[in-house]
$ cat structure06.cif   # mmCIF, C-alpha atoms, pLDDT in the B column; chains and numbers go by the auth columns
data_entry
loop_
_atom_site.group_PDB
_atom_site.id
_atom_site.type_symbol
_atom_site.label_atom_id
_atom_site.label_comp_id
_atom_site.label_asym_id
_atom_site.label_seq_id
_atom_site.Cartn_x
_atom_site.Cartn_y
_atom_site.Cartn_z
_atom_site.B_iso_or_equiv
_atom_site.auth_seq_id
_atom_site.auth_asym_id
ATOM 1 C CA MET A 1 122.201 264.793 160.192 63.00 196 A
ATOM 2 C CA ALA A 2 119.135 262.896 158.984 88.00 197 A
ATOM 3 C CA GLU A 3 116.007 264.684 160.266 95.00 198 A
ATOM 4 C CA ILE A 4 115.097 268.244 161.153 96.00 199 A
ATOM 5 C CA THR A 5 111.774 269.949 161.756 97.00 200 A
ATOM 6 C CA ALA A 6 111.256 273.153 159.763 98.00 201 A
ATOM 7 C CA ASN A 7 108.114 275.090 158.862 97.00 202 A
ATOM 8 C CA GLY A 8 106.158 272.596 160.963 97.00 203 A
ATOM 9 C CA VAL A 9 107.246 269.589 158.857 98.00 204 A
ATOM 10 C CA ARG A 10 109.789 266.832 159.489 98.00 205 A
ATOM 11 C CA PHE A 11 112.394 266.769 156.712 98.00 206 A
ATOM 12 C CA HIS A 12 115.024 264.234 155.734 98.00 207 A
ATOM 13 C CA VAL A 13 118.211 266.247 155.215 98.00 208 A
ATOM 14 C CA GLN A 14 121.758 265.276 154.262 98.00 209 A
ATOM 15 C CA ARG A 15 124.721 267.616 154.588 97.00 210 A
ATOM 16 C CA LEU A 16 128.027 266.751 152.927 96.00 211 A
ATOM 17 C CA ALA A 17 131.137 268.495 154.231 92.00 212 A
ATOM 18 C CA PRO A 18 133.695 269.854 151.758 93.00 213 A
ATOM 19 C CA ARG A 19 136.444 267.280 151.181 84.00 214 A
ATOM 20 C CA ARG A 20 139.158 269.481 149.678 79.00 215 A
ATOM 21 C CA ARG A 21 141.038 272.560 150.793 75.00 216 A
ATOM 22 C CA PRO A 22 141.098 275.232 149.604 78.00 217 A
ATOM 23 C CA HIS A 23 137.359 275.001 149.186 79.00 218 A
ATOM 24 C CA LEU A 24 135.781 275.213 145.755 79.00 219 A
ATOM 25 C CA LEU A 25 133.135 277.576 147.160 88.00 220 A
ATOM 26 C CA GLU A 26 132.744 279.571 150.339 89.00 221 A
ATOM 27 C CA ASN A 27 128.944 279.428 150.185 94.00 222 A
ATOM 28 C CA PRO A 28 126.842 276.268 150.550 96.00 223 A
ATOM 29 C CA VAL A 29 125.307 274.499 147.553 98.00 224 A
ATOM 30 C CA VAL A 30 121.667 273.462 148.011 98.00 225 A
ATOM 31 C CA PHE A 31 120.197 270.762 145.757 98.00 226 A
ATOM 32 C CA ILE A 32 116.414 270.754 145.127 98.00 227 A
ATOM 33 C CA HIS A 33 115.041 267.623 143.466 97.00 228 A
ATOM 34 C CA GLY A 34 111.989 267.176 141.247 94.00 229 A
ATOM 35 C CA LEU A 35 108.541 265.913 142.180 88.00 230 A
ATOM 36 C CA GLY A 36 106.557 262.685 142.262 77.00 231 A
ATOM 37 C CA LEU A 37 108.951 259.733 142.044 79.00 232 A
ATOM 38 C CA ASP A 38 112.007 261.861 142.804 90.00 233 A
ATOM 39 C CA ASN A 39 113.930 262.468 146.043 94.00 234 A
ATOM 40 C CA LEU A 40 117.366 263.626 147.171 97.00 235 A
ATOM 41 C CA SER A 41 119.000 260.336 146.126 94.00 236 A
ATOM 42 C CA SER A 42 118.877 261.384 142.452 94.00 237 A
ATOM 43 C CA PHE A 43 121.409 264.107 143.326 97.00 238 A
ATOM 44 C CA TYR A 44 123.260 262.211 146.057 95.00 239 A
ATOM 45 C CA TYR A 45 124.569 259.564 143.677 89.00 240 A
ATOM 46 C CA THR A 46 125.242 261.820 140.680 96.00 241 A
ATOM 47 C CA LEU A 47 126.210 265.423 141.473 98.00 242 A
ATOM 48 C CA ALA A 48 126.211 266.159 145.206 97.00 243 A
ATOM 49 C CA ASN A 49 129.143 263.990 146.266 96.00 244 A
ATOM 50 C CA PRO A 50 131.417 265.173 143.427 96.00 245 A
ATOM 51 C CA VAL A 51 130.631 268.789 144.351 96.00 246 A
ATOM 52 C CA ALA A 52 131.445 268.048 148.013 96.00 247 A
ATOM 53 C CA HIS A 53 134.655 266.249 147.014 94.00 248 A
ATOM 54 C CA ALA A 54 135.635 269.312 144.981 93.00 249 A
ATOM 55 C CA GLY A 55 135.369 271.417 148.121 93.00 250 A
ATOM 56 C CA ALA A 56 131.822 272.685 148.684 95.00 251 A
ATOM 57 C CA ASP A 57 129.442 272.487 151.628 96.00 252 A
ATOM 58 C CA VAL A 58 126.475 270.565 150.172 97.00 253 A
ATOM 59 C CA ILE A 59 122.897 270.427 151.468 98.00 254 A
ATOM 60 C CA LEU A 60 120.256 268.030 150.149 98.00 255 A
ATOM 61 C CA TYR A 61 116.738 267.440 151.402 98.00 256 A
ATOM 62 C CA ASP A 62 113.641 265.466 150.483 97.00 257 A
ATOM 63 C CA GLN A 63 110.816 267.870 149.741 97.00 258 A
ATOM 64 C CA ARG A 64 107.683 267.551 151.848 96.00 259 A
ATOM 65 C CA GLY A 65 105.725 264.503 150.762 94.00 260 A
ATOM 66 C CA HIS A 66 108.778 262.964 149.058 93.00 261 A
ATOM 67 C CA GLY A 67 111.397 260.419 150.017 91.00 262 A
ATOM 68 C CA LEU A 68 111.805 260.078 153.783 93.00 263 A
ATOM 69 C CA SER A 69 110.309 263.473 154.635 96.00 264 A
ATOM 70 C CA GLU A 70 106.915 263.836 156.273 96.00 265 A
ATOM 71 C CA ARG A 71 103.851 263.888 154.017 95.00 266 A
ATOM 72 C CA PRO A 72 101.389 266.381 155.536 97.00 267 A
ATOM 73 C CA PRO A 73 97.901 266.441 153.996 97.00 268 A
ATOM 74 C CA ALA A 74 98.259 270.044 152.760 97.00 269 A
ATOM 75 C CA GLY A 75 100.799 272.740 151.942 97.00 270 A
ATOM 76 C CA TYR A 76 102.092 271.916 148.451 96.00 271 A
ATOM 77 C CA ARG A 77 102.058 275.295 146.741 96.00 272 A
ATOM 78 C CA ILE A 78 105.376 276.534 145.442 96.00 273 A
ATOM 79 C CA SER A 79 105.181 279.284 148.050 96.00 274 A
ATOM 80 C CA ASP A 80 105.016 276.551 150.726 97.00 275 A
ATOM 81 C CA SER A 81 108.119 274.933 149.248 97.00 276 A
ATOM 82 C CA VAL A 82 109.892 278.289 149.289 98.00 277 A
ATOM 83 C CA GLY A 83 108.945 278.629 152.959 98.00 278 A
ATOM 84 C CA ASP A 84 110.227 275.098 153.594 98.00 279 A
ATOM 85 C CA LEU A 85 113.610 275.888 152.058 98.00 280 A
ATOM 86 C CA SER A 86 113.924 279.117 154.015 98.00 281 A
ATOM 87 C CA ALA A 87 113.066 277.310 157.258 98.00 282 A
ATOM 88 C CA ILE A 88 115.455 274.425 156.524 98.00 283 A
ATOM 89 C CA LEU A 89 118.333 276.831 155.978 98.00 284 A
ATOM 90 C CA GLY A 90 117.408 278.588 159.209 97.00 285 A
ATOM 91 C CA ALA A 91 117.284 275.317 161.128 97.00 286 A
ATOM 92 C CA LEU A 92 120.721 274.403 159.763 97.00 287 A
ATOM 93 C CA GLY A 93 122.125 277.749 160.863 96.00 288 A
ATOM 94 C CA VAL A 94 122.920 278.852 157.299 97.00 289 A
ATOM 95 C CA LYS A 95 123.034 282.637 157.311 93.00 290 A
ATOM 96 C CA GLU A 96 125.126 283.323 154.208 96.00 291 A
ATOM 97 C CA PRO A 97 123.772 283.317 150.627 97.00 292 A
ATOM 98 C CA VAL A 98 123.644 279.926 148.903 97.00 293 A
ATOM 99 C CA HIS A 99 124.069 278.465 145.438 97.00 294 A
ATOM 100 C CA LEU A 100 120.867 276.728 144.314 98.00 295 A
ATOM 101 C CA VAL A 101 120.767 273.672 142.049 98.00 296 A
ATOM 102 C CA GLY A 102 117.202 272.918 140.962 98.00 297 A
ATOM 103 C CA HIS A 103 116.100 269.962 138.845 98.00 298 A
ATOM 104 C CA SER A 104 112.757 269.929 136.981 96.00 299 A
ATOM 105 C CA TYR A 105 110.057 271.019 139.482 96.00 300 A
ATOM 106 C CA GLY A 106 112.888 271.807 141.883 97.00 301 A
ATOM 107 C CA GLY A 107 113.957 274.442 139.384 98.00 302 A
ATOM 108 C CA ALA A 108 110.599 276.167 139.780 97.00 303 A
ATOM 109 C CA ILE A 109 111.159 276.249 143.539 98.00 304 A
ATOM 110 C CA ALA A 110 114.684 277.603 143.069 98.00 305 A
ATOM 111 C CA LEU A 111 113.385 280.382 140.814 98.00 306 A
ATOM 112 C CA ARG A 112 110.641 281.376 143.236 97.00 307 A
ATOM 113 C CA PHE A 113 113.053 281.332 146.178 98.00 308 A
ATOM 114 C CA ALA A 114 115.576 283.460 144.280 98.00 309 A
ATOM 115 C CA LEU A 115 112.918 286.011 143.359 97.00 310 A
ATOM 116 C CA ALA A 116 111.587 286.125 146.927 97.00 311 A
ATOM 117 C CA TYR A 117 115.034 286.286 148.576 97.00 312 A
ATOM 118 C CA PRO A 118 117.547 287.563 145.997 96.00 313 A
ATOM 119 C CA GLU A 119 119.927 288.561 148.772 96.00 314 A
ATOM 120 C CA LEU A 120 120.131 284.905 149.874 97.00 315 A
ATOM 121 C CA VAL A 121 121.100 283.486 146.471 97.00 316 A
ATOM 122 C CA THR A 122 124.627 283.700 145.070 96.00 317 A
ATOM 123 C CA SER A 123 123.945 281.792 141.859 97.00 318 A
ATOM 124 C CA MET A 124 121.582 279.222 140.347 98.00 319 A
ATOM 125 C CA LEU A 125 122.182 276.139 138.275 98.00 320 A
ATOM 126 C CA LEU A 126 118.907 274.990 136.717 98.00 321 A
ATOM 127 C CA ILE A 127 118.649 271.508 135.199 98.00 322 A
ATOM 128 C CA GLU A 128 115.570 270.982 133.027 98.00 323 A
ATOM 129 C CA ALA A 129 113.841 273.580 135.203 98.00 324 A
ATOM 130 C CA HIS A 130 110.120 274.181 134.920 97.00 325 A
ATOM 131 C CA VAL A 131 109.149 277.846 134.815 97.00 326 A
ATOM 132 C CA PRO A 132 105.663 278.564 136.205 96.00 327 A
ATOM 133 C CA ILE A 133 104.217 280.357 133.176 94.00 328 A
ATOM 134 C CA PRO A 134 100.468 280.781 132.522 93.00 329 A
ATOM 135 C CA GLY A 135 98.870 277.360 132.016 93.00 330 A
ATOM 136 C CA TRP A 136 101.854 275.523 133.496 94.00 331 A
ATOM 137 C CA GLY A 137 99.957 274.143 136.490 93.00 332 A
ATOM 138 C CA GLU A 138 97.218 272.658 134.317 94.00 333 A
ATOM 139 C CA GLN A 139 99.752 271.066 131.971 91.00 334 A
ATOM 140 C CA MET A 140 101.732 269.607 134.858 90.00 335 A
ATOM 141 C CA ALA A 141 98.605 268.176 136.461 89.00 336 A
ATOM 142 C CA ALA A 142 97.593 266.526 133.189 87.00 337 A
ATOM 143 C CA ASN A 143 101.069 265.033 132.752 85.00 338 A
ATOM 144 C CA ILE A 144 101.079 263.676 136.282 83.00 339 A
ATOM 145 C CA ARG A 145 97.691 262.046 135.854 82.00 340 A
ATOM 146 C CA LYS A 146 98.887 260.431 132.626 78.00 341 A
ATOM 147 C CA VAL A 147 101.986 258.997 134.312 73.00 342 A
ATOM 148 C CA GLU A 148 99.834 257.703 137.156 68.00 343 A
ATOM 149 C CA GLN A 149 97.504 255.991 134.694 71.00 344 A
ATOM 150 C CA ASP A 150 100.408 254.525 132.715 62.00 345 A
ATOM 151 C CA LEU A 151 101.868 252.990 135.862 56.00 346 A
ATOM 152 C CA GLY A 152 98.777 250.828 136.138 56.00 347 A
ATOM 153 C CA ASP A 153 97.717 250.368 132.519 53.00 348 A
ATOM 154 C CA SER A 154 100.875 250.126 130.399 49.00 349 A
ATOM 155 C CA ASP A 155 103.295 247.214 130.089 49.00 350 A
ATOM 156 C CA TRP A 156 106.283 249.371 131.061 44.00 351 A
ATOM 157 C CA GLY A 157 104.405 250.752 134.054 44.00 352 A
ATOM 158 C CA ARG A 158 103.447 247.320 135.368 47.00 353 A
ATOM 159 C CA GLU A 159 107.003 246.083 134.806 48.00 354 A
ATOM 160 C CA MET A 160 108.460 249.050 136.682 44.00 355 A
ATOM 161 C CA VAL A 161 106.232 248.718 139.747 43.00 356 A
ATOM 162 C CA SER A 162 107.027 245.011 139.899 47.00 357 A
ATOM 163 C CA ILE A 163 110.558 246.020 140.936 47.00 358 A
ATOM 164 C CA ARG A 164 110.643 246.630 144.678 50.00 359 A
ATOM 165 C CA LYS A 165 112.585 249.898 144.552 50.00 360 A
ATOM 166 C CA TYR A 166 110.299 251.472 141.951 51.00 361 A
ATOM 167 C CA ALA A 167 107.168 250.082 143.566 59.00 362 A
ATOM 168 C CA ARG A 168 108.091 251.956 146.735 64.00 363 A
ATOM 169 C CA LEU A 169 108.685 255.187 144.799 60.00 364 A
ATOM 170 C CA ALA A 170 105.413 254.735 142.908 66.00 365 A
ATOM 171 C CA ALA A 171 103.526 254.276 146.183 72.00 366 A
ATOM 172 C CA VAL A 172 104.998 257.523 147.554 68.00 367 A
ATOM 173 C CA GLY A 173 104.033 259.353 144.368 73.00 368 A
ATOM 174 C CA GLN A 174 100.487 257.971 144.328 79.00 369 A
ATOM 175 C CA ASN A 175 99.957 258.884 147.980 84.00 370 A
ATOM 176 C CA LEU A 176 101.181 262.402 147.274 86.00 371 A
ATOM 177 C CA ILE A 177 98.752 262.726 144.361 85.00 372 A
ATOM 178 C CA ASN A 178 95.709 261.108 145.920 86.00 373 A
ATOM 179 C CA ARG A 179 95.999 261.745 149.665 91.00 374 A
ATOM 180 C CA THR A 180 97.175 265.350 149.824 94.00 375 A
ATOM 181 C CA THR A 181 96.247 268.712 148.324 95.00 376 A
ATOM 182 C CA PHE A 182 99.229 268.505 145.970 93.00 377 A
ATOM 183 C CA MET A 183 97.202 268.454 142.739 92.00 378 A
ATOM 184 C CA THR A 184 94.878 271.236 143.885 94.00 379 A
ATOM 185 C CA ASP A 185 97.860 273.318 144.979 95.00 380 A
ATOM 186 C CA LEU A 186 99.597 272.693 141.660 93.00 381 A
ATOM 187 C CA LEU A 187 96.588 273.995 139.751 93.00 382 A
ATOM 188 C CA ALA A 188 96.675 277.122 141.916 92.00 383 A
ATOM 189 C CA ALA A 189 100.300 277.915 141.033 90.00 384 A
ATOM 190 C CA GLU A 190 100.835 281.609 140.391 91.00 385 A
ATOM 191 C CA PRO A 191 102.749 282.357 137.162 95.00 386 A
ATOM 192 C CA ILE A 192 106.098 284.112 137.253 96.00 387 A
ATOM 193 C CA ALA A 193 106.034 287.297 135.212 94.00 388 A
ATOM 194 C CA GLU A 194 108.862 287.956 132.770 95.00 389 A
ATOM 195 C CA GLN A 195 109.498 291.270 134.492 96.00 390 A
ATOM 196 C CA GLU A 196 110.180 289.429 137.754 96.00 391 A
ATOM 197 C CA LEU A 197 112.789 287.270 136.037 97.00 392 A
ATOM 198 C CA ARG A 198 114.446 290.311 134.455 97.00 393 A
ATOM 199 C CA MET A 199 115.070 291.720 137.932 95.00 394 A
ATOM 200 C CA PHE A 200 117.189 288.741 139.048 96.00 395 A
ATOM 201 C CA THR A 201 120.775 289.721 138.243 96.00 396 A
ATOM 202 C CA ARG A 202 122.802 286.897 139.808 96.00 397 A
ATOM 203 C CA PRO A 203 124.569 284.372 137.526 97.00 398 A
ATOM 204 C CA VAL A 204 122.416 281.500 136.243 98.00 399 A
ATOM 205 C CA ARG A 205 123.461 278.400 134.307 98.00 400 A
ATOM 206 C CA ALA A 206 120.539 276.606 132.608 98.00 401 A
ATOM 207 C CA VAL A 207 121.007 273.083 131.232 98.00 402 A
ATOM 208 C CA TYR A 208 118.411 271.349 129.055 98.00 403 A
ATOM 209 C CA GLY A 209 118.210 268.424 126.692 98.00 404 A
ATOM 210 C CA GLU A 210 117.735 269.243 123.020 97.00 405 A
ATOM 211 C CA ASN A 211 114.611 267.056 122.891 97.00 406 A
ATOM 212 C CA SER A 212 113.206 268.177 126.240 97.00 407 A
ATOM 213 C CA ASP A 213 109.468 268.739 126.491 94.00 408 A
ATOM 214 C CA VAL A 214 110.247 271.977 128.370 96.00 409 A
ATOM 215 C CA ILE A 215 112.876 273.330 125.971 98.00 410 A
ATOM 216 C CA SER A 216 110.713 276.440 125.512 97.00 411 A
ATOM 217 C CA HIS A 217 111.349 277.197 129.205 98.00 412 A
ATOM 218 C CA ALA A 218 115.088 277.125 128.460 98.00 413 A
ATOM 219 C CA HIS A 219 114.737 279.745 125.747 97.00 414 A
ATOM 220 C CA LEU A 220 112.519 281.887 127.981 98.00 415 A
ATOM 221 C CA LEU A 221 115.135 281.935 130.733 98.00 416 A
ATOM 222 C CA ASP A 222 117.889 282.653 128.226 98.00 417 A
ATOM 223 C CA ALA A 223 115.911 285.575 126.822 98.00 418 A
ATOM 224 C CA VAL A 224 114.872 287.287 130.041 98.00 419 A
ATOM 225 C CA LEU A 225 117.435 286.514 132.773 98.00 420 A
ATOM 226 C CA PRO A 226 120.164 289.156 132.539 97.00 421 A
ATOM 227 C CA GLU A 227 123.028 286.799 133.533 97.00 422 A
ATOM 228 C CA CYS A 228 121.897 283.456 132.072 98.00 423 A
ATOM 229 C CA THR A 229 124.205 280.991 130.316 97.00 424 A
ATOM 230 C CA LEU A 230 122.228 278.317 128.459 98.00 425 A
ATOM 231 C CA THR A 231 123.620 274.904 127.577 98.00 426 A
ATOM 232 C CA VAL A 232 121.535 272.598 125.350 98.00 427 A
ATOM 233 C CA LEU A 233 122.716 268.983 125.314 97.00 428 A
ATOM 234 C CA PRO A 234 122.234 267.280 121.925 97.00 429 A
ATOM 235 C CA ASP A 235 120.167 264.097 121.600 96.00 430 A
ATOM 236 C CA LEU A 236 118.929 264.225 125.204 96.00 431 A
ATOM 237 C CA ASP A 237 115.445 264.757 126.614 95.00 432 A
ATOM 238 C CA HIS A 238 114.078 265.867 129.990 94.00 433 A
ATOM 239 C CA PHE A 239 115.870 263.024 131.785 93.00 434 A
ATOM 240 C CA VAL A 240 119.390 264.383 131.338 95.00 435 A
ATOM 241 C CA LEU A 241 120.269 263.708 134.991 95.00 436 A
ATOM 242 C CA ALA A 242 119.511 260.009 134.618 92.00 437 A
ATOM 243 C CA ARG A 243 120.740 259.532 131.054 93.00 438 A
ATOM 244 C CA ASP A 244 124.087 261.340 131.103 94.00 439 A
ATOM 245 C CA ALA A 245 125.163 262.212 134.638 94.00 440 A
ATOM 246 C CA ARG A 246 128.822 262.199 133.557 95.00 441 A
ATOM 247 C CA VAL A 247 128.394 265.107 131.134 96.00 442 A
ATOM 248 C CA LEU A 248 126.156 266.952 133.583 96.00 443 A
ATOM 249 C CA ARG A 249 128.687 266.462 136.371 97.00 444 A
ATOM 250 C CA ALA A 250 131.410 268.084 134.280 97.00 445 A
ATOM 251 C CA ILE A 251 129.124 271.055 133.565 97.00 446 A
ATOM 252 C CA VAL A 252 128.257 271.492 137.238 96.00 447 A
ATOM 253 C CA LEU A 253 131.876 271.354 138.419 95.00 448 A
ATOM 254 C CA ASP A 254 132.935 273.760 135.681 94.00 449 A
ATOM 255 C CA TRP A 255 130.154 276.170 136.615 95.00 450 A
ATOM 256 C CA PHE A 256 131.113 276.301 140.267 93.00 451 A
ATOM 257 C CA ALA A 257 134.798 276.628 139.410 91.00 452 A
ATOM 258 C CA THR A 258 133.841 279.591 137.227 89.00 453 A
ATOM 259 C CA GLN A 259 131.882 281.171 140.086 86.00 454 A
ATOM 260 C CA THR A 260 134.964 280.949 142.276 71.00 455 A
ATOM 261 C CA ALA A 261 137.151 282.411 139.537 50.00 456 A
ATOM 262 C CA VAL A 262 134.959 285.464 139.079 47.00 457 A
ATOM 263 C CA GLY A 263 134.678 285.982 142.811 47.00 458 A
ATOM 264 C CA VAL A 264 130.903 285.587 142.996 45.00 459 A
ATOM 265 C CA SER A 265 130.900 283.470 146.121 42.00 460 A
#
$ encode --input "structure06.cif" --output "structure tokens"
Amino acid sequence: MAEITANGVRFHVQRLAPRRRPHLLENPVVFIHGLGLDNLSSFYYTLANPVAHAGADVILYDQRGHGLSERPPAGYRISDSVGDLSAILGALGVKEPVHLVGHSYGGAIALRFALAYPELVTSMLLIEAHVPIPGWGEQMAANIRKVEQDLGDSDWGREMVSIRKYARLAAVGQNLINRTTFMTDLLAAEPIAEQELRMFTRPVRAVYGENSDVISHAHLLDAVLPECTLTVLPDLDHFVLARDARVLRAIVLDWFATQTAVGVS
């Protein structure tokens, strides 16, 4: 399956069937990628296939405006992304609760979805997840604008966009920033209150790099989520998925094996 229409938007979706019996998990695992230059391929080639080979039903999709999905001019609030995920699961006929794996901005979507539909989430695995706290939208917008400027003004940025693959990703990111309401919607992001997080009682595994620029978000989740297990990887930054997929893969497979062992799924 390559394309479905959900929530009025055309999405690029990949579904990987479990390769081993007995299955690692009875419930599907949904991967949610980050924003800007990211898409489902960052999971497809690192974590998703190993999880499917271990025996899980895996779902990946390009968020609206990313990868091969449609880029509508509006609808980029986190609440829109939550609606997208709900509609995608509905279109795929998924009625049972799912395990969510959220990376970076995708972690913010996973959190919001879990708080909106706790009955539909069996567990979460958050990799360098952003938590929408007060001031988060403004900080994210400033960071995005800086990256956009660096792509044109810095030596590393010009070198990167000279490579065909990265030039294509950069073009998608720049169109998202400059030709949609994404930045405006980001600035309008509603913070998640600590009390909301305290009410989510499903198991959560949070993985962050020791030198991550969002390490404070890791400690927040560890402090307020009742069933959170935090892993901090030494000598790594926000780009743990790209820099050490092998270690991350072992953590992910161990986490899902643990969920099976405790009978969560």
$ closest_residue --input "structure06.cif" --among "A:Ile283, A:Leu415, A:Val326, A:Ala309" --to "Pro386 (chain A)" --atoms "all atoms listed in the file"
A:Val326
$ atom_distance --input "structure06.cif" --atom1 "CA of Met378 (chain A)" --atom2 "CA of Leu392 (chain A)"
25.3 Å
$ atom_distance --input "structure06.cif" --atom1 "CA of Val419 (chain A)" --atom2 "CA of Ala305 (chain A)"
16.2 Å
$ closest_residue --input "structure06.cif" --among "A:Val253, A:Ser236, A:Asn222, A:Arg266" --to "Lys290 (chain A)" --atoms "all atoms listed in the file"
A:Asn222
$ resolve_selection --input "structure06.cif" --expression "the PyMOL selection byres ((chain A and resi 225-230) around 7)" --output "count of residues only"
19
$ closest_residue --input "structure06.cif" --among "A:Asp417, A:Pro292, A:Leu320, A:Ser281" --to "Leu448 (chain A)" --atoms "only C-alpha atoms"
A:Leu320
